[in-house]
$ cat structure.txt   # compact mmCIF, C-alpha atoms and all ligand atoms
# COMPACT_ATOMS: atom_id res chain seq x y z
CA MET A 1009 4.28 22.78 8.61
CA LYS A 1010 5.67 22.59 5.09
CA LYS A 1011 4.05 20.63 2.24
CA ILE A 1012 6.81 18.55 0.71
CA TYR A 1013 4.84 16.33 -1.66
CA GLU A 1014 1.44 16.44 -3.28
CA GLY A 1015 0.44 12.88 -4.05
CA LYS A 1016 -2.52 11.47 -5.92
CA THR A 1017 -4.40 10.46 -2.79
CA LYS A 1018 -2.37 12.05 0.03
CA ASP A 1019 -0.31 15.17 0.72
CA VAL A 1020 2.89 14.93 2.75
CA PHE A 1021 3.97 17.63 5.24
CA ASP A 1022 7.22 18.06 7.14
CA LEU A 1023 6.53 18.63 10.86
CA GLU A 1024 8.83 20.71 13.03
CA ASN A 1025 9.79 17.74 15.22
CA GLY A 1026 11.17 15.85 12.22
CA ASN A 1027 8.17 13.59 11.67
CA TYR A 1028 5.96 13.67 8.59
CA LEU A 1029 2.23 14.21 8.42
CA LEU A 1030 0.18 12.39 5.78
CA LYS A 1031 -3.08 14.12 4.88
CA PHE A 1032 -5.60 11.72 3.34
CA LYS A 1033 -7.68 13.25 0.51
CA ASP A 1034 -10.99 12.15 -0.99
CA ASP A 1035 -9.32 11.50 -4.36
CA VAL A 1036 -9.09 7.85 -5.41
CA THR A 1037 -7.24 6.23 -8.29
CA GLY A 1038 -9.15 4.86 -11.25
CA VAL A 1039 -9.91 5.30 -14.92
CA ASP A 1040 -13.01 6.94 -16.46
CA GLY A 1041 -14.77 7.26 -13.13
CA VAL A 1042 -14.29 3.60 -12.21
CA PHE A 1043 -12.17 2.79 -9.17
CA ASP A 1044 -9.01 0.74 -9.86
CA PRO A 1045 -6.42 0.30 -7.08
CA GLY A 1046 -3.74 -0.40 -9.69
CA ALA A 1047 -4.41 2.75 -11.73
CA ASN A 1048 -1.89 5.58 -11.92
CA GLU A 1049 -4.29 8.48 -12.19
CA VAL A 1050 -6.90 10.04 -9.98
CA GLY A 1051 -10.13 8.86 -11.54
CA LEU A 1052 -12.72 10.21 -9.14
CA ARG A 1053 -13.48 11.90 -5.84
CA ILE A 1054 -15.54 10.01 -3.31
CA GLU A 1055 -16.83 11.94 -0.30
CA GLY A 1056 -15.43 10.31 2.85
CA ALA A 1057 -12.85 8.20 1.03
CA GLY A 1058 -9.92 9.89 2.80
CA LYS A 1059 -11.24 9.28 6.31
CA ALA A 1060 -12.28 5.73 5.46
CA GLY A 1061 -8.78 5.00 4.16
CA LEU A 1062 -7.22 6.51 7.25
CA LYS A 1063 -9.43 4.51 9.65
CA LEU A 1064 -8.49 1.24 7.95
CA THR A 1065 -4.83 2.28 7.86
CA LYS A 1066 -4.88 2.97 11.61
CA PHE A 1067 -6.59 -0.39 12.23
CA PHE A 1068 -4.01 -2.39 10.24
CA PHE A 1069 -0.90 -0.46 11.27
CA GLU A 1070 -1.74 -0.92 14.96
CA LYS A 1071 -2.11 -4.68 14.40
CA ILE A 1072 1.17 -4.82 12.48
CA ASN A 1073 3.05 -2.76 15.10
CA ASN A 1074 1.65 -5.04 17.81
CA ALA A 1075 3.00 -8.03 15.89
CA GLY A 1076 6.49 -6.52 16.31
CA ILE A 1077 6.94 -5.57 12.65
CA ALA A 1078 8.59 -2.19 12.01
CA THR A 1079 6.32 0.49 10.51
CA HIS A 1080 6.40 4.28 10.17
CA TYR A 1081 3.18 4.70 12.17
CA VAL A 1082 3.22 7.16 15.09
CA ASP A 1083 -0.41 8.22 15.61
CA CYS A 1084 -3.41 9.58 13.79
CA ASN A 1085 -6.19 12.13 13.92
CA ILE A 1086 -9.30 10.86 12.15
CA ASP A 1087 -11.25 14.17 12.40
CA GLU A 1088 -8.41 16.02 10.68
CA SER A 1089 -7.87 13.14 8.18
CA ASN A 1090 -4.19 12.94 8.98
CA MET A 1091 -1.58 10.57 10.33
CA THR A 1092 1.84 11.26 11.85
CA VAL A 1093 4.64 9.00 10.65
CA LEU A 1094 8.41 8.56 10.87
CA PRO A 1095 10.14 9.91 7.77
CA ALA A 1096 11.46 7.21 5.48
CA ARG A 1097 13.94 7.14 2.61
CA VAL A 1098 12.37 5.13 -0.17
CA PHE A 1099 14.26 2.70 -2.42
CA GLY A 1100 15.32 4.53 -5.58
CA GLU A 1101 12.31 6.72 -6.41
CA GLY A 1102 10.01 4.25 -4.69
CA VAL A 1103 8.98 0.65 -5.20
CA GLU A 1104 5.73 -1.16 -4.55
CA VAL A 1105 5.57 -4.68 -3.20
CA ILE A 1106 2.55 -6.77 -4.11
CA CYS A 1107 1.42 -9.94 -2.39
CA ARG A 1108 -0.93 -12.15 -4.38
CA TYR A 1109 -3.34 -14.80 -3.11
CA ARG A 1110 -5.45 -15.10 -6.28
CA ALA A 1111 -4.78 -14.23 -9.91
CA VAL A 1112 -6.45 -10.90 -10.72
CA GLY A 1113 -5.36 -7.43 -11.86
CA SER A 1114 -1.99 -6.99 -13.58
CA PHE A 1115 -0.92 -10.58 -12.80
CA LEU A 1116 -3.85 -11.88 -14.83
CA ARG A 1117 -3.23 -9.33 -17.61
CA ARG A 1118 0.41 -10.45 -17.80
CA TYR A 1119 0.06 -14.19 -17.40
CA GLY A 1120 -3.47 -14.81 -18.66
CA LYS A 1121 -2.15 -17.30 -21.19
CA TYR A 1122 -1.24 -19.62 -18.33
CA VAL A 1123 -3.64 -18.85 -15.53
CA LYS A 1124 -7.42 -18.47 -15.13
CA GLU A 1125 -8.96 -15.58 -13.22
CA ALA A 1126 -8.96 -16.07 -9.44
CA THR A 1127 -6.64 -19.10 -9.48
CA PRO A 1128 -5.09 -19.40 -5.99
CA LEU A 1129 -1.50 -18.11 -5.71
CA ASP A 1130 0.52 -18.89 -2.61
CA ALA A 1131 1.31 -15.39 -1.23
CA TYR A 1132 3.31 -14.70 -4.37
CA VAL A 1133 5.40 -11.52 -4.01
CA GLU A 1134 6.24 -9.12 -6.85
CA VAL A 1135 8.07 -5.79 -6.85
CA THR A 1136 7.25 -2.92 -9.22
CA LEU A 1137 8.92 0.47 -9.68
CA LYS A 1138 6.86 3.57 -8.89
CA ASP A 1139 7.16 5.13 -12.34
CA ASP A 1140 3.90 6.49 -13.71
CA ASP A 1141 5.42 7.34 -17.11
CA ARG A 1142 6.37 3.68 -17.57
CA ASN A 1143 3.28 2.22 -15.98
CA ASP A 1144 5.01 0.92 -12.81
CA PRO A 1145 7.07 -1.85 -14.46
CA LEU A 1146 7.70 -5.17 -12.75
CA ILE A 1147 11.36 -5.60 -11.72
CA THR A 1148 13.48 -8.59 -10.67
CA ASP A 1149 15.78 -8.83 -7.63
CA ASP A 1150 18.80 -8.96 -9.97
CA ALA A 1151 17.81 -5.71 -11.68
CA LEU A 1152 17.05 -3.98 -8.36
CA ASP A 1153 20.52 -4.92 -7.11
CA MET A 1154 22.24 -4.03 -10.39
CA LEU A 1155 20.55 -0.61 -10.55
CA GLY A 1156 21.49 0.17 -6.94
CA ILE A 1157 17.85 0.36 -5.80
CA LEU A 1158 17.86 -2.53 -3.31
CA THR A 1159 20.48 -5.03 -2.19
CA LYS A 1160 19.72 -8.76 -2.44
CA GLU A 1161 19.59 -8.88 1.34
CA GLU A 1162 17.09 -6.01 1.53
CA TYR A 1163 15.02 -7.72 -1.16
CA ALA A 1164 14.82 -10.88 0.92
CA THR A 1165 13.77 -8.79 3.93
CA LEU A 1166 11.04 -7.12 1.87
CA VAL A 1167 9.66 -10.45 0.69
CA SER A 1168 9.61 -11.89 4.19
CA MET A 1169 8.04 -8.77 5.77
CA THR A 1170 5.47 -8.62 2.96
CA LYS A 1171 4.35 -12.21 3.56
CA LYS A 1172 4.00 -11.61 7.31
CA ILE A 1173 2.07 -8.36 6.89
CA GLY A 1174 -0.09 -9.82 4.12
CA ALA A 1175 -0.97 -12.75 6.40
CA ILE A 1176 -2.09 -10.34 9.15
CA VAL A 1177 -4.34 -8.40 6.77
CA LYS A 1178 -5.69 -11.61 5.22
CA GLU A 1179 -6.56 -13.01 8.64
CA GLU A 1180 -8.32 -9.81 9.72
CA LEU A 1181 -10.39 -9.83 6.52
CA ALA A 1182 -11.25 -13.51 7.01
CA LYS A 1183 -12.77 -12.65 10.42
CA LYS A 1184 -15.36 -10.62 8.47
CA GLU A 1185 -15.86 -13.36 5.85
CA LEU A 1186 -13.87 -11.37 3.31
CA GLU A 1187 -11.15 -12.86 1.14
CA LEU A 1188 -7.98 -10.98 0.27
CA TYR A 1189 -7.01 -11.53 -3.39
CA ASP A 1190 -4.05 -9.14 -3.54
CA ILE A 1191 -2.49 -6.23 -1.70
CA LYS A 1192 0.16 -3.58 -2.35
CA PHE A 1193 2.63 -2.26 0.22
CA GLU A 1194 5.36 0.37 0.33
CA PHE A 1195 8.51 0.19 2.40
CA GLY A 1196 11.35 2.54 3.21
CA ARG A 1197 14.49 2.89 5.30
CA VAL A 1198 13.77 4.53 8.65
CA GLY A 1199 16.00 5.98 11.37
CA GLU A 1200 19.75 6.23 11.67
CA ASP A 1201 20.13 2.46 11.40
CA ALA A 1202 18.11 2.56 8.14
CA HIS A 1203 15.97 -0.38 9.20
CA ILE A 1204 13.30 -1.41 6.74
CA ALA A 1205 9.79 -0.39 7.79
CA LEU A 1206 6.33 -0.56 6.28
CA ILE A 1207 5.27 2.95 5.19
CA ASP A 1208 2.38 4.68 3.40
CA GLU A 1209 -1.11 3.26 3.99
CA ILE A 1210 -3.16 0.07 4.04
CA SER A 1211 -6.70 0.75 2.90
CA GLY A 1212 -9.28 -0.42 0.42
CA GLY A 1213 -7.37 1.44 -2.28
CA ASN A 1214 -4.35 -0.84 -1.83
CA MET A 1215 -6.03 -4.21 -1.94
CA ARG A 1216 -8.64 -6.31 -3.65
CA ALA A 1217 -11.05 -7.88 -1.22
CA TYR A 1218 -13.89 -10.17 -2.26
CA LYS A 1219 -17.02 -11.47 -0.59
CA ASN A 1220 -18.53 -14.65 -2.07
CA GLY A 1221 -16.56 -14.06 -5.26
CA GLU A 1222 -17.74 -10.43 -5.60
CA TYR A 1223 -15.28 -7.53 -5.43
CA VAL A 1224 -15.87 -5.23 -2.42
CA GLU A 1225 -15.44 -1.45 -3.00
CA PRO A 1226 -13.05 0.42 -0.64
CA LEU A 1227 -15.76 2.34 1.24
CA THR A 1228 -17.85 -0.79 1.72
CA LEU A 1229 -14.74 -2.64 2.86
CA GLU A 1230 -14.06 -0.01 5.51
CA LYS A 1231 -17.64 -0.36 6.82
CA MET A 1232 -17.48 -4.18 6.83
CA MET A 1233 -14.13 -4.22 8.61
CA LEU A 1234 -14.77 -1.58 11.25
CA SER A 1235 -18.40 -2.09 12.22
N1 LIG A 1301 6.93 7.53 6.11
C1 LIG A 1301 7.09 8.02 4.88
N2 LIG A 1301 8.20 8.70 4.56
C2 LIG A 1301 8.37 9.23 3.30
N3 LIG A 1301 7.45 9.14 2.33
C3 LIG A 1301 6.32 8.46 2.59
C4 LIG A 1301 6.07 7.88 3.87
N4 LIG A 1301 4.86 7.27 3.83
C5 LIG A 1301 4.38 7.46 2.58
N5 LIG A 1301 5.24 8.18 1.82
C6 LIG A 1301 5.07 8.64 0.43
O1 LIG A 1301 4.09 9.67 0.43
C7 LIG A 1301 3.40 9.70 -0.80
C8 LIG A 1301 1.91 9.69 -0.53
O2 LIG A 1301 1.21 10.14 -1.61
P1 LIG A 1301 0.16 9.26 -2.42
O3 LIG A 1301 -0.29 8.08 -1.67
O4 LIG A 1301 -0.86 10.20 -2.91
O5 LIG A 1301 1.02 8.57 -3.54
P2 LIG A 1301 1.50 8.81 -4.98
O6 LIG A 1301 2.96 8.52 -4.94
O7 LIG A 1301 1.10 10.12 -5.55
O8 LIG A 1301 0.80 7.78 -5.84
P3 LIG A 1301 0.60 6.23 -5.78
O9 LIG A 1301 0.77 5.82 -4.37
O10 LIG A 1301 -0.77 6.02 -6.29
O11 LIG A 1301 1.63 5.65 -6.68
C9 LIG A 1301 3.88 8.49 -1.60
O12 LIG A 1301 4.83 8.92 -2.54
C10 LIG A 1301 4.54 7.60 -0.54
O13 LIG A 1301 5.57 6.82 -1.07
MG MG A 1302 -0.03 6.22 -2.78
$ encode --input "structure.txt" --output "structure tokens"
Amino acid sequence: MKKIYEGKTKDVFDLENGNYLLKFKDDVTGVDGVFDPGANEVGLRIEGAGKAGLKLTKFFFEKINNAGIATHYVDCNIDESNMTVLPARVFGEGVEVICRYRAVGSFLRRYGKYVKEATPLDAYVEVTLKDDDRNDPLITDDALDMLGILTKEEYATLVSMTKKIGAIVKEELAKKELELYDIKFEFGRVGEDAHIALIDEISGGNMRAYKNGEYVEPLTLEKMMLS
């Protein structure tokens, strides 16, 4: 088993059978010891965060697979904090796709002149580049096409898959009286046919969930969702 990437919150290994193994760590992103799902640095270590993230990821990926949406998910081992996935080729050096249901986070920082905090947004989709040095800039479909990162057709597929997956997560949260404000996904091309599949993880660290207008921390979210 060869380590091929050391990420901020997960390490990636190449398995002999051609699949990848994602090892979930207890590191979480944030700034000055305060958790922030949008942050680009590891801000703190929380005991149990890796397993909690993996349990939620398993929960959501199984739902999404069952809905007939392509993902990289193969199986997972909670005790070992790891998950086996199909290897994907990412778009360019990686993009993130955000689905927004209420104005918070970077949307509010960007457009605060025109929108109040927590204003409802109708599953609004945005794409950002994974580029820590440039703070993950927002990018348009025209620029993605022009720079050879994504075709217009692939962009449309991403938007449509994102809305479907977001709706599944939102509905699952609603069953526990939680409201999804925003969520971030990653996609890649999988298999010989290079079909677009959901990759990476879906955990508290990728979304903002609220209960009665109060933000719910990732570990609390995991407990609320899975108990
Ligand atoms: N099926 C897959 N095939 C290839 N790469 C994947 C797959 N699933 C996830 N990845 C990549 O594995 C890495 C996991 O590491 P981690 O989540 O720590 O991310 P990161 O890139 O360091 O930081 P961040 O996600 O916060 O921007 C990410 O780069 C992610 O894009
Ligand atoms: Mg990540």
$ closest_residue --input "structure.txt" --among "A:Glu1209, A:Glu1161, A:Asp1153, A:Glu1179" --to "ligand MG 1302 (chain A)" --atoms "all atoms listed in the file"
A:Glu1209
$ closest_atom_pairs --input "structure.txt" --of "chain A" --to "ligand LIG 1301 (chain A)" --cutoff "9 Å" --atoms "only C-alpha atoms and all ligand atoms" --output "JSON lines"
{"residue": "A:Tyr1013", "atom": "CA", "partner": "A:LIG1301", "partner_atom": "C7", "distance": 6.8}
{"residue": "A:Glu1014", "atom": "CA", "partner": "A:LIG1301", "partner_atom": "O2", "distance": 6.5}
{"residue": "A:Gly1015", "atom": "CA", "partner": "A:LIG1301", "partner_atom": "O4", "distance": 3.2}
{"residue": "A:Lys1016", "atom": "CA", "partner": "A:LIG1301", "partner_atom": "O4", "distance": 3.7}
{"residue": "A:Thr1017", "atom": "CA", "partner": "A:LIG1301", "partner_atom": "O4", "distance": 3.6}
{"residue": "A:Lys1018", "atom": "CA", "partner": "A:LIG1301", "partner_atom": "O4", "distance": 3.8}
{"residue": "A:Asp1019", "atom": "CA", "partner": "A:LIG1301", "partner_atom": "O2", "distance": 5.7}
{"residue": "A:Val1020", "atom": "CA", "partner": "A:LIG1301", "partner_atom": "O1", "distance": 5.9}
{"residue": "A:Asn1027", "atom": "CA", "partner": "A:LIG1301", "partner_atom": "N1", "distance": 8.3}
{"residue": "A:Tyr1028", "atom": "CA", "partner": "A:LIG1301", "partner_atom": "N1", "distance": 6.7}
{"residue": "A:Leu1029", "atom": "CA", "partner": "A:LIG1301", "partner_atom": "N1", "distance": 8.5}
{"residue": "A:Leu1030", "atom": "CA", "partner": "A:LIG1301", "partner_atom": "C8", "distance": 7.1}
{"residue": "A:Lys1031", "atom": "CA", "partner": "A:LIG1301", "partner_atom": "C8", "distance": 8.6}
{"residue": "A:Phe1032", "atom": "CA", "partner": "A:LIG1301", "partner_atom": "O4", "distance": 8.0}
{"residue": "A:Lys1033", "atom": "CA", "partner": "A:LIG1301", "partner_atom": "O4", "distance": 8.2}
{"residue": "A:Asp1035", "atom": "CA", "partner": "A:LIG1301", "partner_atom": "O4", "distance": 8.7}
{"residue": "A:Val1036", "atom": "CA", "partner": "A:LIG1301", "partner_atom": "O10", "distance": 8.6}
{"residue": "A:Thr1037", "atom": "CA", "partner": "A:LIG1301", "partner_atom": "O10", "distance": 6.8}
{"residue": "A:Pro1045", "atom": "CA", "partner": "A:LIG1301", "partner_atom": "O10", "distance": 8.1}
{"residue": "A:Gly1046", "atom": "CA", "partner": "A:LIG1301", "partner_atom": "O10", "distance": 7.8}
{"residue": "A:Ala1047", "atom": "CA", "partner": "A:LIG1301", "partner_atom": "O10", "distance": 7.3}
{"residue": "A:Asn1048", "atom": "CA", "partner": "A:LIG1301", "partner_atom": "O10", "distance": 5.8}
{"residue": "A:Glu1049", "atom": "CA", "partner": "A:LIG1301", "partner_atom": "O10", "distance": 7.3}
{"residue": "A:Val1050", "atom": "CA", "partner": "A:LIG1301", "partner_atom": "O10", "distance": 8.2}
{"residue": "A:Thr1079", "atom": "CA", "partner": "A:LIG1301", "partner_atom": "N1", "distance": 8.3}
{"residue": "A:His1080", "atom": "CA", "partner": "A:LIG1301", "partner_atom": "N1", "distance": 5.2}
{"residue": "A:Tyr1081", "atom": "CA", "partner": "A:LIG1301", "partner_atom": "N1", "distance": 7.7}
{"residue": "A:Thr1092", "atom": "CA", "partner": "A:LIG1301", "partner_atom": "N1", "distance": 8.5}
{"residue": "A:Val1093", "atom": "CA", "partner": "A:LIG1301", "partner_atom": "N1", "distance": 5.3}
{"residue": "A:Leu1094", "atom": "CA", "partner": "A:LIG1301", "partner_atom": "N1", "distance": 5.1}
{"residue": "A:Pro1095", "atom": "CA", "partner": "A:LIG1301", "partner_atom": "N2", "distance": 3.9}
{"residue": "A:Ala1096", "atom": "CA", "partner": "A:LIG1301", "partner_atom": "N2", "distance": 3.7}
{"residue": "A:Arg1097", "atom": "CA", "partner": "A:LIG1301", "partner_atom": "C2", "distance": 6.0}
{"residue": "A:Val1098", "atom": "CA", "partner": "A:LIG1301", "partner_atom": "C2", "distance": 6.7}
{"residue": "A:Glu1101", "atom": "CA", "partner": "A:LIG1301", "partner_atom": "O13", "distance": 8.6}
{"residue": "A:Gly1102", "atom": "CA", "partner": "A:LIG1301", "partner_atom": "O13", "distance": 6.3}
{"residue": "A:Val1103", "atom": "CA", "partner": "A:LIG1301", "partner_atom": "O13", "distance": 8.2}
{"residue": "A:Glu1104", "atom": "CA", "partner": "A:LIG1301", "partner_atom": "O11", "distance": 8.2}
{"residue": "A:Lys1138", "atom": "CA", "partner": "A:LIG1301", "partner_atom": "O11", "distance": 6.0}
{"residue": "A:Asp1139", "atom": "CA", "partner": "A:LIG1301", "partner_atom": "O11", "distance": 7.9}
{"residue": "A:Asp1140", "atom": "CA", "partner": "A:LIG1301", "partner_atom": "O11", "distance": 7.4}
{"residue": "A:Asp1144", "atom": "CA", "partner": "A:LIG1301", "partner_atom": "O11", "distance": 8.4}
{"residue": "A:Glu1194", "atom": "CA", "partner": "A:LIG1301", "partner_atom": "O13", "distance": 6.6}
{"residue": "A:Phe1195", "atom": "CA", "partner": "A:LIG1301", "partner_atom": "O13", "distance": 8.0}
{"residue": "A:Gly1196", "atom": "CA", "partner": "A:LIG1301", "partner_atom": "N2", "distance": 7.0}
{"residue": "A:Arg1197", "atom": "CA", "partner": "A:LIG1301", "partner_atom": "N2", "distance": 8.6}
{"residue": "A:Val1198", "atom": "CA", "partner": "A:LIG1301", "partner_atom": "N1", "distance": 7.9}
{"residue": "A:Ala1205", "atom": "CA", "partner": "A:LIG1301", "partner_atom": "N1", "distance": 8.6}
{"residue": "A:Leu1206", "atom": "CA", "partner": "A:LIG1301", "partner_atom": "N1", "distance": 8.1}
{"residue": "A:Ile1207", "atom": "CA", "partner": "A:LIG1301", "partner_atom": "N4", "distance": 4.5}
{"residue": "A:Asp1208", "atom": "CA", "partner": "A:LIG1301", "partner_atom": "C5", "distance": 3.5}
{"residue": "A:Glu1209", "atom": "CA", "partner": "A:LIG1301", "partner_atom": "C5", "distance": 7.1}
{"residue": "A:Gly1213", "atom": "CA", "partner": "A:LIG1301", "partner_atom": "O10", "distance": 9.0}
{"residue": "A:Asn1214", "atom": "CA", "partner": "A:LIG1301", "partner_atom": "O9", "distance": 8.8}
$ closest_residue --input "structure.txt" --among "A:Gly1058, A:Asp1201, A:Thr1127, A:Leu1146" --to "ligand MG 1302 (chain A)" --atoms "all atoms listed in the file"
A:Gly1058
$ atom_distance --input "structure.txt" --atom1 "atom MG of ligand MG 1302 (chain A)" --atom2 "CA of Phe1021 (chain A)"
14.5 Å
$ closest_residue --input "structure.txt" --among "A:Asp1190, A:Thr1228, A:Leu1129, A:Gly1061" --to "ligand MG 1302 (chain A)" --atoms "only C-alpha atoms and all ligand atoms"
A:Gly1061
$ residues_around --input "structure.txt" --residues "Lys1063 (chain A)" --least-positions-apart "2" --cutoff "9 Å" --atoms "all atoms listed in the file" --output "tab-separated table (two decimals) with C-alpha atoms, keeping the file's coordinate frame"
chain	number	residue	atom	x	y	z
A	1058	GLY	CA	-9.92	9.89	2.80
A	1059	LYS	CA	-11.24	9.28	6.31
A	1060	ALA	CA	-12.28	5.73	5.46
A	1061	GLY	CA	-8.78	5.00	4.16
A	1065	THR	CA	-4.83	2.28	7.86
A	1066	LYS	CA	-4.88	2.97	11.61
A	1067	PHE	CA	-6.59	-0.39	12.23
A	1068	PHE	CA	-4.01	-2.39	10.24
A	1084	CYS	CA	-3.41	9.58	13.79
A	1086	ILE	CA	-9.30	10.86	12.15
A	1089	SER	CA	-7.87	13.14	8.18
A	1211	SER	CA	-6.70	0.75	2.90
A	1230	GLU	CA	-14.06	-0.01	5.51
A	1234	LEU	CA	-14.77	-1.58	11.25
$ closest_residue --input "structure.txt" --among "A:Glu1134, A:Phe1193, A:Arg1216, A:Met1233" --to "ligand MG 1302 (chain A)" --atoms "only C-alpha atoms and all ligand atoms"
A:Phe1193
$ atom_distance --input "structure.txt" --atom1 "CA of Gly1056 (chain A)" --atom2 "CA of Leu1227 (chain A)"
8.1 Å
$ residues_around --input "structure.txt" --residues "Met1232 (chain A)" --least-positions-apart "4" --cutoff "10 Å" --atoms "all atoms listed in the file" --output "list in words"
Leu1181, Lys1184, Glu1185, Leu1186, Val1224, Pro1226, Leu1227 and Thr1228 of chain A
$ write_last_selection --input "structure.txt" --atoms "C-alpha atoms" --output "mmCIF file, in the coordinates of the input"
data_model
loop_
_atom_site.group_PDB
_atom_site.id
_atom_site.type_symbol
_atom_site.label_atom_id
_atom_site.label_comp_id
_atom_site.auth_asym_id
_atom_site.auth_seq_id
_atom_site.Cartn_x
_atom_site.Cartn_y
_atom_site.Cartn_z
ATOM 1 C CA LEU A 1181 -10.390 -9.830 6.520
ATOM 2 C CA LYS A 1184 -15.360 -10.620 8.470
ATOM 3 C CA GLU A 1185 -15.860 -13.360 5.850
ATOM 4 C CA LEU A 1186 -13.870 -11.370 3.310
ATOM 5 C CA VAL A 1224 -15.870 -5.230 -2.420
ATOM 6 C CA PRO A 1226 -13.050 0.420 -0.640
ATOM 7 C CA LEU A 1227 -15.760 2.340 1.240
ATOM 8 C CA THR A 1228 -17.850 -0.790 1.720
#
$ residues_around --input "structure.txt" --residues "Ile1072 (chain A)" --least-positions-apart "5" --cutoff "8 Å" --atoms "all atoms listed in the file" --output "list in words"
Ile1077, Ala1078, Thr1079, Ile1173 and Ile1176 of chain A
$ residues_around --input "structure.txt" --residues "Ala1175 (chain A)" --least-positions-apart "5" --cutoff "12 Å" --atoms "only C-alpha atoms" --output "PyMOL selection string"
chain A and resi 1068+1071-1072+1075+1107-1109+1130-1132+1168-1170+1180-1182+1187-1191
$ closest_residue --input "structure.txt" --among "A:Lys1192, A:Ala1164, A:Gly1221, A:Leu1229" --to "ligand MG 1302 (chain A)" --atoms "all atoms listed in the file"
A:Lys1192
$ atom_distance --input "structure.txt" --atom1 "CA of Phe1115 (chain A)" --atom2 "CA of Arg1142 (chain A)"
16.7 Å
$ closest_residue --input "structure.txt" --among "A:Ile1204, A:Leu1137, A:Gly1156, A:Pro1128" --to "Leu1116 (chain A)" --atoms "all atoms listed in the file"
A:Pro1128
